[in-house]
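Participant: Before we start, here is the structure in question, set down as structure tokens.
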Amino acid sequence: ATTKYGSEGQNGVIEMSTQEEAYEKIFTKAEKMPEFPGGQEGWLKHLMKNLRYPDAAIDKHVQGVARVSFIVDEAGKMSDFSIVDNPGEGLGEEALRVIKQGPDWVPARQNGHKVKARVYQTITFKLD
């Protein structure tokens, strides 16, 4: 407390925030996390229609799980994308591309409020 408030905090400090401030943070766990429109079925349809296995990965027989992180805001808009796990040969980049080109998501909810949340979405690439 003294680091933040100086000598006035030497006996401790009680910090309070308004409800609005409590919902401005980025949630990593919320009561209802963001989801793709149409849920799992909608997500699978989107992948079937748009996902392309990169030629370089096919040629080198690379498969694996790509994981992308992003934030879904209160309006369902996505931002702050990053590839977290990348098996290589373009698989991580393809996972990122297919997520970015998708529609807005259904936002997270916490105590009845729409909130920002970080999502980790995985895509498994497998050759037959």
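In the structure tokens, chains take letters A, B, ... by order of appearance, with residues numbered from 1 within each chain and ligands from 1 in the order shown.
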What parts of chain A does DSSP call helix (DSSP H, G or I)? I'd like the answer as an MDAnalysis selection string.
Facilitator: chainID A and resid 2:9 19:22 39:50 55:59 91:100
Participant: Near Ser69 (chain A), within 9 Å and counting only C-alpha atoms, which residues show up once chain neighbours fewer than 4 positions away are dropped, as a list in words?
Facilitator: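 Result of the neighbour search: Asp80, Phe81, Ser82, Ile83, Val84, Leu96, Arg118, Val119, Tyr120, Gln121 and Thr122 of chain A.
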Participant: Save out the residues we just selected, all heavy atoms, as a short mmCIF file (atom, residue, chain, number, x, y, z; two decimals), in the first residue's frame.
Facilitator:
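Output file selection07.cif is given in full below:
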```cif
data_model
loop_
_atom_site.label_atom_id
_atom_site.label_comp_id
_atom_site.auth_asym_id
_atom_site.auth_seq_id
_atom_site.Cartn_x
_atom_site.Cartn_y
_atom_site.Cartn_z
N ASP A 80 -6.89 -8.06 -31.21
CA ASP A 80 -5.72 -8.52 -30.46
C ASP A 80 -5.41 -10.01 -30.71
O ASP A 80 -5.29 -10.80 -29.80
CB ASP A 80 -5.92 -8.25 -28.97
CG ASP A 80 -4.63 -8.39 -28.17
OD1 ASP A 80 -3.57 -8.07 -28.73
OD2 ASP A 80 -4.69 -8.84 -27.02
N PHE A 81 -5.28 -10.34 -31.99
CA PHE A 81 -5.04 -11.73 -32.41
C PHE A 81 -3.58 -12.12 -32.20
O PHE A 81 -2.68 -11.32 -32.43
CB PHE A 81 -5.35 -11.89 -33.90
CG PHE A 81 -6.78 -11.66 -34.26
CD1 PHE A 81 -7.23 -10.39 -34.60
CD2 PHE A 81 -7.68 -12.70 -34.26
CE1 PHE A 81 -8.55 -10.17 -34.96
CE2 PHE A 81 -9.01 -12.50 -34.61
CZ PHE A 81 -9.45 -11.24 -34.96
N SER A 82 -3.36 -13.37 -31.82
CA SER A 82 -2.00 -13.91 -31.81
C SER A 82 -2.07 -15.43 -31.96
O SER A 82 -3.02 -16.07 -31.53
CB SER A 82 -1.24 -13.53 -30.53
OG SER A 82 -1.83 -14.14 -29.41
N ILE A 83 -1.03 -15.97 -32.59
CA ILE A 83 -0.92 -17.41 -32.73
C ILE A 83 -0.18 -17.91 -31.49
O ILE A 83 0.95 -17.50 -31.23
CB ILE A 83 -0.15 -17.78 -34.01
CG1 ILE A 83 -0.90 -17.27 -35.25
CG2 ILE A 83 0.05 -19.30 -34.09
CD1 ILE A 83 -0.10 -17.37 -36.54
N VAL A 84 -0.81 -18.77 -30.73
CA VAL A 84 -0.25 -19.27 -29.47
C VAL A 84 0.53 -20.56 -29.71
O VAL A 84 1.63 -20.74 -29.20
CB VAL A 84 -1.37 -19.49 -28.42
CG1 VAL A 84 -0.80 -20.05 -27.14
CG2 VAL A 84 -2.11 -18.19 -28.16
N LEU A 96 -5.32 -18.60 -38.02
CA LEU A 96 -5.54 -17.17 -37.78
C LEU A 96 -6.39 -16.56 -38.88
O LEU A 96 -7.34 -15.82 -38.61
CB LEU A 96 -4.19 -16.45 -37.68
CG LEU A 96 -4.23 -14.96 -37.42
CD1 LEU A 96 -4.87 -14.65 -36.08
CD2 LEU A 96 -2.81 -14.39 -37.47
N ARG A 118 -11.03 -12.89 -23.37
CA ARG A 118 -9.99 -13.49 -24.21
C ARG A 118 -10.41 -14.92 -24.53
O ARG A 118 -10.83 -15.67 -23.65
CB ARG A 118 -8.64 -13.50 -23.51
CG ARG A 118 -7.58 -14.18 -24.37
CD ARG A 118 -6.17 -13.80 -24.01
NE ARG A 118 -5.87 -12.39 -24.09
CZ ARG A 118 -5.56 -11.73 -25.22
NH1 ARG A 118 -5.57 -12.35 -26.37
NH2 ARG A 118 -5.25 -10.46 -25.18
N VAL A 119 -10.31 -15.25 -25.81
CA VAL A 119 -10.70 -16.58 -26.30
C VAL A 119 -9.45 -17.29 -26.82
O VAL A 119 -8.59 -16.66 -27.44
CB VAL A 119 -11.73 -16.45 -27.45
CG1 VAL A 119 -12.04 -17.80 -28.07
CG2 VAL A 119 -12.99 -15.77 -26.95
N TYR A 120 -9.36 -18.57 -26.55
CA TYR A 120 -8.32 -19.42 -27.12
C TYR A 120 -9.04 -20.45 -27.98
O TYR A 120 -9.79 -21.29 -27.45
CB TYR A 120 -7.49 -20.12 -26.03
CG TYR A 120 -6.65 -19.15 -25.26
CD1 TYR A 120 -7.13 -18.53 -24.12
CD2 TYR A 120 -5.37 -18.83 -25.69
CE1 TYR A 120 -6.35 -17.62 -23.40
CE2 TYR A 120 -4.58 -17.92 -24.98
CZ TYR A 120 -5.09 -17.33 -23.84
OH TYR A 120 -4.31 -16.44 -23.15
N GLN A 121 -8.88 -20.35 -29.29
CA GLN A 121 -9.57 -21.25 -30.21
C GLN A 121 -8.56 -22.18 -30.85
O GLN A 121 -7.51 -21.74 -31.33
CB GLN A 121 -10.29 -20.43 -31.29
CG GLN A 121 -11.19 -21.24 -32.18
CD GLN A 121 -12.40 -21.79 -31.43
OE1 GLN A 121 -12.94 -21.16 -30.54
NE2 GLN A 121 -12.81 -22.98 -31.79
N THR A 122 -8.86 -23.47 -30.86
CA THR A 122 -7.95 -24.45 -31.46
C THR A 122 -8.54 -25.01 -32.76
O THR A 122 -9.75 -25.14 -32.89
CB THR A 122 -7.68 -25.62 -30.50
OG1 THR A 122 -8.91 -26.26 -30.18
CG2 THR A 122 -7.01 -25.16 -29.23
#
```
Participant: Using only C-alpha atoms, can you tell me which of A:Lys77, A:Lys4, A:Lys100, A:Lys126 comes closest to Pro34 (chain A)?
Facilitator: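 Using only C-alpha atoms, Pro34 (chain A) sits closest to A:Lys77.
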Participant: List as a list in words the protein and nucleic acid residues near Arg52 (chain A), meaning an atom at most 8 Å away when only C-alpha atoms are counted, but skip any in the same chain fewer than 2 places from it.
Facilitator: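 The residues satisfying every condition are Asn50, Pro54 and Glu94 of chain A.
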Participant: I want to know what sits within 10 Å of Asn111 (chain A), based on only C-alpha atoms, with residues of the same chain fewer than 3 positions away left out; could you give that as a PyMOL selection string?
Facilitator: chain A and resi 23+30-32+114-115
Participant: Export, as a tab-separated table (two decimals), in the first residue's frame, the selected residues with C-alpha atoms.
Facilitator:
```tsv
chain	number	residue	atom	x	y	z
A	23	TYR	CA	-16.84	-4.98	-16.12
A	30	ALA	CA	-16.74	-15.44	-17.45
A	31	GLU	CA	-20.07	-16.98	-16.53
A	32	LYS	CA	-20.76	-17.33	-20.26
A	114	LYS	CA	-21.76	-8.11	-21.86
A	115	VAL	CA	-18.01	-8.07	-21.22
```
Participant: Identify which of the residues A:Gly92, A:Glu74, A:Phe27, A:Ala57 lies closest to Asp104 (chain A), counting only C-alpha atoms when measuring atom-to-atom distances.
Facilitator: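 Nearest candidate to Asp104 (chain A) out of A:Gly92, A:Glu74, A:Phe27, A:Ala57: A:Glu74.
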Participant: Which value, in Å to one decimal, gives the distance between CA of Arg109 (chain A) and CA of Lys25 (chain A)?
Facilitator: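 Between these atoms lies a distance of 12.4 Å.
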Participant: Show which residues sit within 10 Å of Ala95 (chain A), as a PyMOL selection string. Count only C-alpha atoms, and ignore same-chain residues fewer than 2 positions away.
Facilitator: chain A and resi 47+51-53+65-68+83+86+90-93+97-100+121-125
Participant: Only N, CA and C atoms, please: the residues just picked out, written as a short mmCIF file (atom, residue, chain, number, x, y, z; two decimals), in the first residue's frame.
Facilitator:
```
data_model
loop_
_atom_site.label_atom_id
_atom_site.label_comp_id
_atom_site.auth_asym_id
_atom_site.auth_seq_id
_atom_site.Cartn_x
_atom_site.Cartn_y
_atom_site.Cartn_z
N LEU A 47 -15.66 -23.74 -40.63
CA LEU A 47 -14.39 -24.40 -40.95
C LEU A 47 -14.49 -25.19 -42.24
N LEU A 51 -11.76 -23.31 -44.35
CA LEU A 51 -10.42 -23.76 -43.99
C LEU A 51 -9.73 -24.45 -45.16
N ARG A 52 -8.47 -24.07 -45.40
CA ARG A 52 -7.68 -24.69 -46.47
C ARG A 52 -6.37 -25.19 -45.86
N TYR A 53 -6.08 -26.44 -46.12
CA TYR A 53 -4.84 -27.03 -45.61
C TYR A 53 -3.71 -26.47 -46.47
N VAL A 65 -2.06 -29.27 -33.89
CA VAL A 65 -3.07 -28.36 -33.36
C VAL A 65 -2.52 -26.94 -33.37
N ALA A 66 -3.25 -26.06 -34.05
CA ALA A 66 -2.93 -24.63 -34.04
C ALA A 66 -3.88 -23.97 -33.05
N ARG A 67 -3.35 -23.04 -32.26
CA ARG A 67 -4.18 -22.35 -31.27
C ARG A 67 -3.99 -20.86 -31.43
N VAL A 68 -5.11 -20.15 -31.53
CA VAL A 68 -5.11 -18.71 -31.72
C VAL A 68 -5.82 -18.06 -30.54
N ILE A 83 -1.03 -15.97 -32.59
CA ILE A 83 -0.92 -17.41 -32.73
C ILE A 83 -0.18 -17.91 -31.49
N ASN A 86 1.73 -23.18 -32.92
CA ASN A 86 1.84 -23.25 -34.37
C ASN A 86 2.64 -24.50 -34.76
N GLY A 90 2.69 -23.07 -42.13
CA GLY A 90 1.51 -22.27 -42.47
C GLY A 90 0.24 -22.65 -41.73
N LEU A 91 0.28 -23.66 -40.86
CA LEU A 91 -0.95 -24.09 -40.17
C LEU A 91 -1.45 -23.04 -39.18
N GLY A 92 -0.55 -22.45 -38.42
CA GLY A 92 -0.96 -21.40 -37.49
C GLY A 92 -1.52 -20.19 -38.21
N GLU A 93 -0.88 -19.83 -39.31
CA GLU A 93 -1.34 -18.67 -40.10
C GLU A 93 -2.71 -18.94 -40.72
N ARG A 97 -6.09 -16.89 -40.13
CA ARG A 97 -6.84 -16.34 -41.26
C ARG A 97 -8.32 -16.72 -41.19
N VAL A 98 -8.60 -17.99 -40.95
CA VAL A 98 -9.99 -18.44 -40.95
C VAL A 98 -10.78 -17.85 -39.78
N ILE A 99 -10.12 -17.61 -38.66
CA ILE A 99 -10.80 -16.97 -37.53
C ILE A 99 -11.06 -15.49 -37.83
N LYS A 100 -10.06 -14.81 -38.36
CA LYS A 100 -10.22 -13.38 -38.66
C LYS A 100 -11.31 -13.12 -39.69
N GLN A 121 -8.88 -20.35 -29.29
CA GLN A 121 -9.57 -21.25 -30.21
C GLN A 121 -8.56 -22.18 -30.85
N THR A 122 -8.86 -23.47 -30.86
CA THR A 122 -7.95 -24.45 -31.46
C THR A 122 -8.54 -25.01 -32.76
N ILE A 123 -7.64 -25.31 -33.67
CA ILE A 123 -8.01 -25.97 -34.90
C ILE A 123 -7.02 -27.11 -35.10
N THR A 124 -7.54 -28.32 -35.27
CA THR A 124 -6.71 -29.50 -35.47
C THR A 124 -6.57 -29.77 -36.95
N PHE A 125 -5.35 -29.84 -37.42
CA PHE A 125 -5.05 -30.16 -38.82
C PHE A 125 -4.57 -31.60 -38.86
#
```
Participant: CA of Pro107 (chain A) to CA of His46 (chain A): how many Å, to one decimal?
Facilitator: 18.0 Å
Participant: Give the strand (DSSP E or B) residues of region 39-77 of chain A, as DSSP finds them on the backbone, and put them as a ChimeraX atom specification.
Facilitator: /A:64-72
Participant: Any idea what the distance is between CA of Phe70 (chain A) and CA of Pro103 (chain A)?
Facilitator: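 Distance reported for this atom pair: 13.6 Å.
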